[in-house]
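> For reference, this is target.txt, and it has compact mmCIF, N, CA, C and O atoms.
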```txt
# COMPACT_ATOMS: atom_id res chain seq x y z
N MET A 1 26.22 -16.75 -10.92
CA MET A 1 25.60 -15.53 -10.47
C MET A 1 26.21 -14.36 -11.22
O MET A 1 27.41 -14.27 -11.38
N GLN A 2 25.36 -13.45 -11.64
CA GLN A 2 25.82 -12.31 -12.43
C GLN A 2 26.21 -11.16 -11.52
O GLN A 2 25.52 -10.83 -10.55
N ASN A 3 27.31 -10.53 -11.80
CA ASN A 3 27.80 -9.39 -11.06
C ASN A 3 27.07 -8.14 -11.55
O ASN A 3 26.97 -7.91 -12.74
N ASN A 4 26.57 -7.30 -10.65
CA ASN A 4 25.84 -6.10 -11.04
C ASN A 4 26.70 -4.85 -11.02
O ASN A 4 26.19 -3.76 -11.17
N LYS A 5 27.97 -5.00 -10.81
CA LYS A 5 28.88 -3.86 -10.80
C LYS A 5 29.35 -3.55 -12.21
O LYS A 5 29.68 -4.45 -12.97
N LYS A 6 29.37 -2.27 -12.53
CA LYS A 6 29.84 -1.87 -13.85
C LYS A 6 31.35 -1.66 -13.81
O LYS A 6 31.88 -1.03 -12.90
N ILE A 7 32.03 -2.19 -14.81
CA ILE A 7 33.47 -2.03 -14.94
C ILE A 7 33.76 -1.16 -16.15
O ILE A 7 33.24 -1.39 -17.24
N SER A 8 34.59 -0.16 -15.94
CA SER A 8 35.06 0.69 -17.04
C SER A 8 36.53 0.42 -17.28
O SER A 8 37.34 0.53 -16.36
N VAL A 9 36.85 0.04 -18.49
CA VAL A 9 38.24 -0.09 -18.90
C VAL A 9 38.56 1.20 -19.64
O VAL A 9 37.95 1.50 -20.66
N VAL A 10 39.47 2.00 -19.09
CA VAL A 10 39.77 3.31 -19.67
C VAL A 10 41.18 3.30 -20.25
O VAL A 10 42.10 2.72 -19.67
N VAL A 11 41.31 3.96 -21.39
CA VAL A 11 42.58 3.94 -22.13
C VAL A 11 42.92 5.34 -22.62
O VAL A 11 42.23 5.88 -23.49
N PRO A 12 43.98 5.95 -22.10
CA PRO A 12 44.49 7.17 -22.71
C PRO A 12 45.31 6.77 -23.93
O PRO A 12 46.24 5.98 -23.82
N ALA A 13 44.93 7.27 -25.09
CA ALA A 13 45.56 6.82 -26.34
C ALA A 13 46.30 7.96 -27.04
O ALA A 13 45.91 9.12 -26.94
N TYR A 14 47.36 7.56 -27.77
CA TYR A 14 48.12 8.53 -28.57
C TYR A 14 48.82 7.81 -29.72
O TYR A 14 49.83 7.12 -29.51
N ARG A 15 48.26 7.92 -30.89
CA ARG A 15 48.88 7.50 -32.17
C ARG A 15 49.43 6.07 -32.21
O ARG A 15 50.53 5.84 -32.72
N ARG A 16 48.69 5.10 -31.70
CA ARG A 16 49.12 3.70 -31.80
C ARG A 16 47.94 2.85 -32.28
O ARG A 16 47.43 2.01 -31.53
N PRO A 17 47.52 3.03 -33.52
CA PRO A 17 46.32 2.33 -34.01
C PRO A 17 46.45 0.81 -33.98
O PRO A 17 45.48 0.13 -33.66
N LYS A 18 47.59 0.26 -34.29
CA LYS A 18 47.74 -1.20 -34.30
C LYS A 18 47.57 -1.78 -32.90
O LYS A 18 46.91 -2.79 -32.71
N TYR A 19 48.16 -1.13 -31.92
CA TYR A 19 48.03 -1.60 -30.55
C TYR A 19 46.60 -1.45 -30.04
O TYR A 19 46.10 -2.31 -29.32
N ILE A 20 45.94 -0.37 -30.42
CA ILE A 20 44.55 -0.15 -30.01
C ILE A 20 43.67 -1.27 -30.58
O ILE A 20 42.77 -1.77 -29.89
N GLU A 21 43.93 -1.68 -31.79
CA GLU A 21 43.16 -2.77 -32.37
C GLU A 21 43.32 -4.05 -31.56
O GLU A 21 42.33 -4.74 -31.25
N ASP A 22 44.55 -4.37 -31.17
CA ASP A 22 44.79 -5.56 -30.35
C ASP A 22 44.12 -5.43 -28.98
O ASP A 22 43.54 -6.39 -28.47
N LEU A 23 44.18 -4.24 -28.39
CA LEU A 23 43.55 -4.01 -27.10
C LEU A 23 42.03 -4.22 -27.19
O LEU A 23 41.44 -4.89 -26.35
N ILE A 24 41.40 -3.66 -28.21
CA ILE A 24 39.95 -3.80 -28.38
C ILE A 24 39.58 -5.27 -28.56
O ILE A 24 38.63 -5.76 -27.94
N ARG A 25 40.31 -5.98 -29.37
CA ARG A 25 40.03 -7.41 -29.58
C ARG A 25 40.14 -8.18 -28.25
O ARG A 25 39.33 -9.05 -27.96
N SER A 26 41.13 -7.84 -27.43
CA SER A 26 41.30 -8.54 -26.16
C SER A 26 40.17 -8.18 -25.18
O SER A 26 39.77 -9.01 -24.36
N TYR A 27 39.64 -6.99 -25.28
CA TYR A 27 38.49 -6.58 -24.45
C TYR A 27 37.22 -7.32 -24.88
O TYR A 27 36.45 -7.79 -24.05
N LEU A 28 37.02 -7.45 -26.16
CA LEU A 28 35.78 -8.05 -26.67
C LEU A 28 35.62 -9.53 -26.32
O LEU A 28 34.50 -10.04 -26.33
N VAL A 29 36.69 -10.22 -26.03
CA VAL A 29 36.59 -11.64 -25.68
C VAL A 29 36.56 -11.89 -24.17
O VAL A 29 36.53 -13.04 -23.74
N GLN A 30 36.55 -10.83 -23.38
CA GLN A 30 36.52 -11.00 -21.92
C GLN A 30 35.23 -11.67 -21.47
O GLN A 30 34.14 -11.30 -21.90
N ASP A 31 35.35 -12.64 -20.58
CA ASP A 31 34.19 -13.33 -20.03
C ASP A 31 33.22 -12.35 -19.37
O ASP A 31 32.02 -12.46 -19.53
N TYR A 32 33.74 -11.41 -18.61
CA TYR A 32 32.88 -10.44 -17.91
C TYR A 32 32.07 -9.64 -18.92
O TYR A 32 30.88 -9.45 -18.75
N HIS A 33 32.72 -9.19 -19.95
CA HIS A 33 32.04 -8.41 -21.00
C HIS A 33 30.97 -9.25 -21.69
O HIS A 33 29.90 -8.76 -21.99
N LEU A 34 31.25 -10.50 -21.92
CA LEU A 34 30.31 -11.36 -22.64
C LEU A 34 29.10 -11.74 -21.81
O LEU A 34 28.02 -11.98 -22.34
N THR A 35 29.24 -11.79 -20.49
CA THR A 35 28.14 -12.23 -19.63
C THR A 35 27.48 -11.09 -18.87
O THR A 35 26.52 -11.30 -18.17
N ASN A 36 27.99 -9.89 -18.99
CA ASN A 36 27.48 -8.78 -18.20
C ASN A 36 27.45 -7.53 -19.06
O ASN A 36 28.47 -7.09 -19.57
N ALA A 37 26.27 -6.95 -19.19
CA ALA A 37 26.12 -5.76 -20.02
C ALA A 37 26.77 -4.54 -19.37
O ALA A 37 26.92 -3.51 -20.02
N ASP A 38 27.14 -4.65 -18.12
CA ASP A 38 27.70 -3.52 -17.40
C ASP A 38 29.22 -3.45 -17.50
O ASP A 38 29.93 -3.50 -16.50
N ALA A 39 29.72 -3.39 -18.70
CA ALA A 39 31.15 -3.21 -18.94
C ALA A 39 31.29 -2.23 -20.10
O ALA A 39 30.45 -2.20 -20.99
N GLU A 40 32.32 -1.42 -20.03
CA GLU A 40 32.55 -0.47 -21.12
C GLU A 40 34.04 -0.31 -21.34
O GLU A 40 34.84 -0.50 -20.44
N LEU A 41 34.37 0.04 -22.56
CA LEU A 41 35.74 0.38 -22.93
C LEU A 41 35.71 1.83 -23.39
O LEU A 41 34.97 2.18 -24.32
N VAL A 42 36.47 2.68 -22.71
CA VAL A 42 36.51 4.10 -23.01
C VAL A 42 37.90 4.46 -23.49
O VAL A 42 38.88 4.31 -22.75
N ILE A 43 38.00 4.91 -24.72
CA ILE A 43 39.29 5.30 -25.30
C ILE A 43 39.28 6.81 -25.51
O ILE A 43 38.42 7.34 -26.20
N VAL A 44 40.24 7.48 -24.86
CA VAL A 44 40.36 8.93 -24.98
C VAL A 44 41.60 9.21 -25.80
O VAL A 44 42.73 8.96 -25.37
N ASP A 45 41.38 9.73 -26.99
CA ASP A 45 42.43 9.90 -28.00
C ASP A 45 43.03 11.30 -27.95
O ASP A 45 42.34 12.29 -28.14
N ASP A 46 44.32 11.36 -27.70
CA ASP A 46 45.05 12.63 -27.61
C ASP A 46 45.97 12.84 -28.81
O ASP A 46 46.97 13.52 -28.72
N SER A 47 45.59 12.25 -29.95
CA SER A 47 46.45 12.27 -31.14
C SER A 47 46.37 13.55 -31.96
O SER A 47 46.94 13.62 -33.04
N GLY A 48 45.65 14.54 -31.50
CA GLY A 48 45.55 15.79 -32.25
C GLY A 48 44.87 15.59 -33.58
O GLY A 48 43.80 14.99 -33.65
N ASP A 49 45.51 16.04 -34.65
CA ASP A 49 44.89 15.96 -35.98
C ASP A 49 45.11 14.61 -36.67
O ASP A 49 44.66 14.39 -37.77
N ASN A 50 45.77 13.68 -36.00
CA ASN A 50 45.95 12.33 -36.53
C ASN A 50 44.70 11.51 -36.22
O ASN A 50 44.31 11.41 -35.07
N ASN A 51 44.09 10.92 -37.24
CA ASN A 51 42.83 10.20 -37.06
C ASN A 51 42.95 8.69 -37.19
O ASN A 51 41.93 8.00 -37.36
N GLU A 52 44.14 8.13 -37.12
CA GLU A 52 44.31 6.69 -37.28
C GLU A 52 43.67 5.91 -36.14
O GLU A 52 43.03 4.88 -36.37
N VAL A 53 43.85 6.35 -34.90
CA VAL A 53 43.24 5.67 -33.76
C VAL A 53 41.72 5.75 -33.89
O VAL A 53 41.01 4.76 -33.68
N GLN A 54 41.21 6.90 -34.25
CA GLN A 54 39.77 7.09 -34.40
C GLN A 54 39.19 6.11 -35.42
O GLN A 54 38.14 5.50 -35.17
N ALA A 55 39.85 5.93 -36.53
CA ALA A 55 39.36 5.02 -37.56
C ALA A 55 39.28 3.58 -37.04
O ALA A 55 38.29 2.88 -37.31
N VAL A 56 40.28 3.14 -36.30
CA VAL A 56 40.27 1.79 -35.75
C VAL A 56 39.13 1.62 -34.75
O VAL A 56 38.36 0.67 -34.82
N VAL A 57 39.00 2.57 -33.83
CA VAL A 57 37.97 2.47 -32.80
C VAL A 57 36.58 2.50 -33.42
O VAL A 57 35.71 1.71 -33.06
N GLN A 58 36.35 3.38 -34.37
CA GLN A 58 35.04 3.48 -35.00
C GLN A 58 34.67 2.21 -35.74
O GLN A 58 33.50 1.86 -35.80
N ASN A 59 35.64 1.53 -36.28
CA ASN A 59 35.38 0.27 -36.95
C ASN A 59 34.75 -0.75 -35.98
O ASN A 59 33.85 -1.49 -36.35
N PHE A 60 35.22 -0.76 -34.74
CA PHE A 60 34.69 -1.68 -33.74
C PHE A 60 33.41 -1.14 -33.08
O PHE A 60 32.50 -1.91 -32.77
N SER A 61 33.37 0.16 -32.82
CA SER A 61 32.23 0.72 -32.09
C SER A 61 30.94 0.72 -32.91
O SER A 61 29.86 0.83 -32.35
N LYS A 62 31.05 0.55 -34.22
CA LYS A 62 29.84 0.46 -35.06
C LYS A 62 29.00 -0.74 -34.66
O LYS A 62 27.78 -0.71 -34.75
N THR A 63 29.66 -1.81 -34.24
CA THR A 63 28.95 -3.05 -33.92
C THR A 63 28.94 -3.36 -32.43
O THR A 63 28.38 -4.38 -32.03
N ASN A 64 29.54 -2.51 -31.61
CA ASN A 64 29.57 -2.78 -30.18
C ASN A 64 29.37 -1.48 -29.40
O ASN A 64 30.27 -0.64 -29.35
N SER A 65 28.22 -1.35 -28.78
CA SER A 65 27.88 -0.10 -28.08
C SER A 65 28.61 0.07 -26.75
O SER A 65 28.53 1.13 -26.14
N SER A 66 29.34 -0.95 -26.30
CA SER A 66 30.08 -0.80 -25.04
C SER A 66 31.41 -0.09 -25.24
O SER A 66 32.12 0.18 -24.27
N ILE A 67 31.75 0.24 -26.48
CA ILE A 67 33.00 0.96 -26.77
C ILE A 67 32.66 2.43 -26.98
O ILE A 67 31.87 2.78 -27.86
N ARG A 68 33.28 3.27 -26.15
CA ARG A 68 33.09 4.72 -26.29
C ARG A 68 34.42 5.35 -26.70
O ARG A 68 35.48 4.98 -26.22
N TYR A 69 34.32 6.34 -27.58
CA TYR A 69 35.50 7.03 -28.09
C TYR A 69 35.36 8.51 -27.82
O TYR A 69 34.31 9.11 -28.10
N ILE A 70 36.41 9.09 -27.27
CA ILE A 70 36.44 10.53 -27.01
C ILE A 70 37.71 11.07 -27.66
O ILE A 70 38.81 10.55 -27.42
N LYS A 71 37.56 12.10 -28.46
CA LYS A 71 38.71 12.70 -29.16
C LYS A 71 38.97 14.09 -28.59
O LYS A 71 38.07 14.93 -28.56
N ASN A 72 40.18 14.32 -28.13
CA ASN A 72 40.56 15.66 -27.69
C ASN A 72 40.79 16.54 -28.91
O ASN A 72 41.43 16.10 -29.87
N GLU A 73 40.26 17.75 -28.87
CA GLU A 73 40.42 18.67 -30.01
C GLU A 73 41.87 19.06 -30.21
O GLU A 73 42.32 19.23 -31.34
N VAL A 74 42.59 19.21 -29.12
CA VAL A 74 44.02 19.51 -29.16
C VAL A 74 44.73 18.57 -28.19
O VAL A 74 44.13 18.04 -27.25
N ASN A 75 46.02 18.36 -28.41
CA ASN A 75 46.81 17.50 -27.55
C ASN A 75 46.91 18.13 -26.17
O ASN A 75 47.32 19.28 -26.04
N ILE A 76 46.53 17.37 -25.13
CA ILE A 76 46.56 17.90 -23.76
C ILE A 76 47.66 17.24 -22.92
O ILE A 76 47.82 17.56 -21.76
N GLY A 77 48.39 16.31 -23.50
CA GLY A 77 49.48 15.65 -22.79
C GLY A 77 49.00 14.43 -22.02
O GLY A 77 47.81 14.26 -21.75
N PHE A 78 49.95 13.56 -21.68
CA PHE A 78 49.60 12.27 -21.08
C PHE A 78 48.84 12.40 -19.77
O PHE A 78 47.82 11.74 -19.57
N CYS A 79 49.33 13.20 -18.84
CA CYS A 79 48.72 13.26 -17.51
C CYS A 79 47.27 13.73 -17.57
O CYS A 79 46.38 13.13 -16.95
N LYS A 80 47.01 14.80 -18.30
CA LYS A 80 45.64 15.30 -18.41
C LYS A 80 44.77 14.33 -19.19
O LYS A 80 43.58 14.18 -18.89
N ASN A 81 45.33 13.66 -20.18
CA ASN A 81 44.55 12.68 -20.93
C ASN A 81 44.20 11.47 -20.07
O ASN A 81 43.09 10.94 -20.14
N LEU A 82 45.13 11.04 -19.24
CA LEU A 82 44.87 9.94 -18.31
C LEU A 82 43.75 10.34 -17.35
O LEU A 82 42.82 9.56 -17.12
N LEU A 83 43.84 11.53 -16.79
CA LEU A 83 42.80 12.00 -15.88
C LEU A 83 41.44 12.07 -16.58
O LEU A 83 40.43 11.64 -16.03
N LYS A 84 41.43 12.57 -17.81
CA LYS A 84 40.18 12.64 -18.57
C LYS A 84 39.61 11.25 -18.81
O LYS A 84 38.40 11.04 -18.73
N ALA A 85 40.47 10.28 -19.10
CA ALA A 85 40.01 8.91 -19.31
C ALA A 85 39.39 8.35 -18.04
O ALA A 85 38.32 7.74 -18.07
N ILE A 86 40.03 8.56 -16.91
CA ILE A 86 39.51 8.07 -15.62
C ILE A 86 38.16 8.71 -15.31
O ILE A 86 37.20 8.03 -14.94
N ILE A 87 38.08 10.01 -15.48
CA ILE A 87 36.84 10.74 -15.19
C ILE A 87 35.71 10.30 -16.14
O ILE A 87 34.54 10.28 -15.76
N SER A 88 36.06 9.93 -17.35
CA SER A 88 35.06 9.55 -18.36
C SER A 88 34.47 8.16 -18.11
O SER A 88 33.39 7.85 -18.62
N GLY A 89 35.14 7.34 -17.34
CA GLY A 89 34.61 6.01 -17.02
C GLY A 89 33.39 6.15 -16.14
O GLY A 89 33.40 6.89 -15.16
N GLU A 90 32.35 5.43 -16.46
CA GLU A 90 31.09 5.50 -15.71
C GLU A 90 30.90 4.32 -14.76
O GLU A 90 29.86 4.20 -14.13
N GLY A 91 31.89 3.46 -14.65
CA GLY A 91 31.75 2.24 -13.88
C GLY A 91 31.97 2.41 -12.39
O GLY A 91 32.46 3.44 -11.92
N ASP A 92 31.58 1.35 -11.67
CA ASP A 92 31.85 1.28 -10.23
C ASP A 92 33.33 1.01 -9.99
O ASP A 92 33.88 1.37 -8.95
N TYR A 93 33.94 0.33 -10.94
CA TYR A 93 35.37 0.02 -10.89
C TYR A 93 36.02 0.49 -12.18
O TYR A 93 35.41 0.43 -13.25
N ILE A 94 37.25 0.96 -12.06
CA ILE A 94 38.01 1.45 -13.21
C ILE A 94 39.25 0.58 -13.39
O ILE A 94 39.98 0.32 -12.45
N VAL A 95 39.44 0.13 -14.63
CA VAL A 95 40.67 -0.58 -15.00
C VAL A 95 41.38 0.33 -16.00
O VAL A 95 40.78 0.75 -16.99
N ILE A 96 42.63 0.66 -15.73
CA ILE A 96 43.39 1.55 -16.61
C ILE A 96 44.36 0.70 -17.42
O ILE A 96 45.15 -0.07 -16.87
N LEU A 97 44.29 0.87 -18.74
CA LEU A 97 45.25 0.20 -19.63
C LEU A 97 45.95 1.26 -20.46
O LEU A 97 45.33 2.26 -20.88
N GLY A 98 47.22 1.04 -20.75
CA GLY A 98 47.92 1.89 -21.71
C GLY A 98 47.46 1.54 -23.11
O GLY A 98 46.92 0.45 -23.35
N ASP A 99 47.68 2.42 -24.05
CA ASP A 99 47.23 2.17 -25.42
C ASP A 99 48.04 1.08 -26.12
O ASP A 99 47.69 0.65 -27.21
N ASP A 100 49.08 0.59 -25.47
CA ASP A 100 49.85 -0.52 -26.03
C ASP A 100 49.71 -1.78 -25.18
O ASP A 100 50.47 -2.72 -25.32
N ASP A 101 48.70 -1.80 -24.30
CA ASP A 101 48.42 -2.97 -23.45
C ASP A 101 47.28 -3.79 -24.03
O ASP A 101 46.55 -3.34 -24.91
N MET A 102 47.10 -4.99 -23.48
CA MET A 102 45.96 -5.82 -23.84
C MET A 102 45.75 -6.86 -22.75
O MET A 102 46.66 -7.11 -21.96
N PHE A 103 44.56 -7.42 -22.70
CA PHE A 103 44.28 -8.51 -21.78
C PHE A 103 44.83 -9.81 -22.39
O PHE A 103 44.61 -10.07 -23.57
N VAL A 104 45.51 -10.60 -21.59
CA VAL A 104 46.10 -11.83 -22.12
C VAL A 104 45.27 -13.08 -21.79
O VAL A 104 45.52 -14.13 -22.35
N LYS A 105 44.29 -12.93 -20.90
CA LYS A 105 43.39 -14.04 -20.56
C LYS A 105 41.96 -13.59 -20.74
O LYS A 105 41.65 -12.40 -20.61
N LYS A 106 41.06 -14.53 -20.98
CA LYS A 106 39.65 -14.23 -21.16
C LYS A 106 38.96 -13.78 -19.88
O LYS A 106 37.90 -13.17 -19.93
N ASN A 107 39.55 -14.08 -18.75
CA ASN A 107 38.92 -13.72 -17.48
C ASN A 107 39.73 -12.69 -16.70
O ASN A 107 39.79 -12.74 -15.49
N ALA A 108 40.32 -11.74 -17.40
CA ALA A 108 41.15 -10.74 -16.75
C ALA A 108 40.34 -9.71 -15.98
O ALA A 108 40.82 -9.13 -15.02
N ILE A 109 39.11 -9.47 -16.41
CA ILE A 109 38.25 -8.54 -15.66
C ILE A 109 36.99 -9.25 -15.22
O ILE A 109 36.62 -10.26 -15.69
```
Written as structure tokens, how would this file's structure read?

Amino acid sequence: MQNNKKISVVVPAYRRPKYIEDLIRSYLVQDYHLTNADAELVIVDDSGDNNEVQAVVQNFSKTNSSIRYIKNEVNIGFCKNLLKAIISGEGDYIVILGDDDMFVKKNAI
């Protein structure tokens, strides 16, 4: 049976492109994501004028519309960036990951 609830995985990010790449790869293999169109990954980048995270995310988002990227024009700090990430999620449920986290199992969400 397919779940009709939308899940948003939200990530406040700051200058960790390698970890973001691992996080995105772990999201893309999730069973829920593969069987349900109602999942999204929202990355809110607080890296200021550093575009390394943006480049990694855009590489993946070109081929996967469930990945959304939001870039803050100026650094707003961790707490405000976390709040912005949570507010940006459009799902019925929100999963918060740090920019250096990843899912370790295929059925984590």
> Applying 10 Å and only C-alpha atoms, which residues near Gly77 in chain A remain after dropping the ones on its own chain fewer than 6 positions away? List them as a PDB file with N, CA, C and O atoms, in the frame of the given file.

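Contents of selection_20.pdb, freshly written:
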```pdb
ATOM      1  N   PRO A  12      43.980   5.950 -22.100  1.00  0.00           N
ATOM      2  CA  PRO A  12      44.490   7.170 -22.710  1.00  0.00           C
ATOM      3  C   PRO A  12      45.310   6.770 -23.930  1.00  0.00           C
ATOM      4  O   PRO A  12      46.240   5.980 -23.820  1.00  0.00           O
ATOM      5  N   TYR A  14      47.360   7.560 -27.770  1.00  0.00           N
ATOM      6  CA  TYR A  14      48.120   8.530 -28.570  1.00  0.00           C
ATOM      7  C   TYR A  14      48.820   7.810 -29.720  1.00  0.00           C
ATOM      8  O   TYR A  14      49.830   7.120 -29.510  1.00  0.00           O
ATOM      9  N   ASP A  46      44.320  11.360 -27.700  1.00  0.00           N
ATOM     10  CA  ASP A  46      45.050  12.630 -27.610  1.00  0.00           C
ATOM     11  C   ASP A  46      45.970  12.840 -28.810  1.00  0.00           C
ATOM     12  O   ASP A  46      46.970  13.520 -28.720  1.00  0.00           O
ATOM     13  N   SER A  47      45.590  12.250 -29.950  1.00  0.00           N
ATOM     14  CA  SER A  47      46.450  12.270 -31.140  1.00  0.00           C
ATOM     15  C   SER A  47      46.370  13.550 -31.960  1.00  0.00           C
ATOM     16  O   SER A  47      46.940  13.620 -33.040  1.00  0.00           O
TER      17      SER A  47
END
```
> For a test of reading the model, state the distance in Å between CA of Lys106 in chain A and atom O of Ile24 in chain A, rounded to one decimal.
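Atom-to-atom, CA of Lys106 in chain A to atom O of Ile24 in chain A, that is 10.9 Å.
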> I need the residue nearest Val10 in chain A from this list: A:Gln58, A:Thr63, A:Ser88, A:Asn72. Use all atoms listed in the file for the distance.
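That would be A:Ser88, the residue with the smallest distance to Val10 in chain A.
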> Do you have the atom O of Phe103 in chain A-atom N of Phe78 in chain A distance handy?
24.3 Å
> To one decimal place in Å, what is the distance between CA of Lys71 in chain A and CA of Val56 in chain A?
12.8 Å
> Can you check which residues of range 1-99 of chain A DSSP gives as helix (DSSP H, G or I) on the backbone and send them as a ChimeraX atom specification?
/A:17-28,31-35,52-61,78-88
> Can you tell me, as a list in words, what residues are no more than 10 Å from Pro17 in chain A when counting only C-alpha atoms, ignoring any on the same chain fewer than 6 positions away?
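Using only C-alpha atoms, the neighbours found are Leu23, Asn51, Glu52, Val53, Gln54, Ala55, Val56, Val57, Asp99 and Asp100 of chain A.
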> Write out, as a PDB file, in the frame of the given file, the residues just selected, with N, CA, C and O atoms.

```
ATOM      1  N   LEU A  23      44.180  -4.240 -28.390  1.00  0.00           N
ATOM      2  CA  LEU A  23      43.550  -4.010 -27.100  1.00  0.00           C
ATOM      3  C   LEU A  23      42.030  -4.220 -27.190  1.00  0.00           C
ATOM      4  O   LEU A  23      41.440  -4.890 -26.350  1.00  0.00           O
ATOM      5  N   ASN A  51      44.090  10.920 -37.240  1.00  0.00           N
ATOM      6  CA  ASN A  51      42.830  10.200 -37.060  1.00  0.00           C
ATOM      7  C   ASN A  51      42.950   8.690 -37.190  1.00  0.00           C
ATOM      8  O   ASN A  51      41.930   8.000 -37.360  1.00  0.00           O
ATOM      9  N   GLU A  52      44.140   8.130 -37.120  1.00  0.00           N
ATOM     10  CA  GLU A  52      44.310   6.690 -37.280  1.00  0.00           C
ATOM     11  C   GLU A  52      43.670   5.910 -36.140  1.00  0.00           C
ATOM     12  O   GLU A  52      43.030   4.880 -36.370  1.00  0.00           O
ATOM     13  N   VAL A  53      43.850   6.350 -34.900  1.00  0.00           N
ATOM     14  CA  VAL A  53      43.240   5.670 -33.760  1.00  0.00           C
ATOM     15  C   VAL A  53      41.720   5.750 -33.890  1.00  0.00           C
ATOM     16  O   VAL A  53      41.010   4.760 -33.680  1.00  0.00           O
ATOM     17  N   GLN A  54      41.210   6.900 -34.250  1.00  0.00           N
ATOM     18  CA  GLN A  54      39.770   7.090 -34.400  1.00  0.00           C
ATOM     19  C   GLN A  54      39.190   6.110 -35.420  1.00  0.00           C
ATOM     20  O   GLN A  54      38.140   5.500 -35.170  1.00  0.00           O
ATOM     21  N   ALA A  55      39.850   5.930 -36.530  1.00  0.00           N
ATOM     22  CA  ALA A  55      39.360   5.020 -37.560  1.00  0.00           C
ATOM     23  C   ALA A  55      39.280   3.580 -37.040  1.00  0.00           C
ATOM     24  O   ALA A  55      38.290   2.880 -37.310  1.00  0.00           O
ATOM     25  N   VAL A  56      40.280   3.140 -36.300  1.00  0.00           N
ATOM     26  CA  VAL A  56      40.270   1.790 -35.750  1.00  0.00           C
ATOM     27  C   VAL A  56      39.130   1.620 -34.750  1.00  0.00           C
ATOM     28  O   VAL A  56      38.360   0.670 -34.820  1.00  0.00           O
ATOM     29  N   VAL A  57      39.000   2.570 -33.830  1.00  0.00           N
ATOM     30  CA  VAL A  57      37.970   2.470 -32.800  1.00  0.00           C
ATOM     31  C   VAL A  57      36.580   2.500 -33.420  1.00  0.00           C
ATOM     32  O   VAL A  57      35.710   1.710 -33.060  1.00  0.00           O
ATOM     33  N   ASP A  99      47.680   2.420 -24.050  1.00  0.00           N
ATOM     34  CA  ASP A  99      47.230   2.170 -25.420  1.00  0.00           C
ATOM     35  C   ASP A  99      48.040   1.080 -26.120  1.00  0.00           C
ATOM     36  O   ASP A  99      47.690   0.650 -27.210  1.00  0.00           O
ATOM     37  N   ASP A 100      49.080   0.590 -25.470  1.00  0.00           N
ATOM     38  CA  ASP A 100      49.850  -0.520 -26.030  1.00  0.00           C
ATOM     39  C   ASP A 100      49.710  -1.780 -25.180  1.00  0.00           C
ATOM     40  O   ASP A 100      50.470  -2.720 -25.320  1.00  0.00           O
TER      41      ASP A 100
END
```
> Measuring atom to atom with only C-alpha atoms, identify which of A:Ile20, A:Ile7, A:Ile96, A:Ala13 is nearest to Asn75 in chain A.
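Result for the nearest residue to Asn75 in chain A: A:Ala13.
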> Using only C-alpha atoms, pick whichever of A:Asn4, A:Phe60, A:Val74, A:Val42 has the shortest atom-to-atom distance to Leu28 in chain A.
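Checking each of A:Asn4, A:Phe60, A:Val74, A:Val42 against Leu28 in chain A, counting only C-alpha atoms, the winner is A:Phe60.
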> Around (28.5, -2.9, -17.1), as given in the file, which residues come within 4.5 Å? Count all atoms listed in the file and list them as number ranges by chain.
A: 6-7, 37-39
> Nearest to Val11 in chain A: which of A:Leu97, A:Met102, A:Cys79, A:Ile87 is it, counting only N, CA, C and O atoms?
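With only N, CA, C and O atoms as the atom set, the closest residue is A:Leu97.
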> Which residue out of A:Ile67, A:Gln30, A:Lys5, A:Asp45 has the minimum interatomic distance to Gly98 in chain A when only C-alpha atoms are used?
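Nearest to Gly98 in chain A: A:Asp45.
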> Which of these, A:Asp22, A:Leu41, A:Val104, A:Tyr32, has the shortest distance to Asn64 in chain A once you count all atoms listed in the file?
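The answer is A:Leu41, which sits nearest to Asn64 in chain A.
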> What are the DSSP strand (DSSP E or B) residues of chain A, as a list of chain:residue names?
A:Ile7, A:Ser8, A:Val9, A:Val10, A:Val11, A:Pro12, A:Ala13, A:Ala39, A:Glu40, A:Leu41, A:Val42, A:Ile43, A:Val44, A:Asp45, A:Ile67, A:Arg68, A:Tyr69, A:Ile70, A:Lys71, A:Tyr93, A:Ile94, A:Val95, A:Ile96
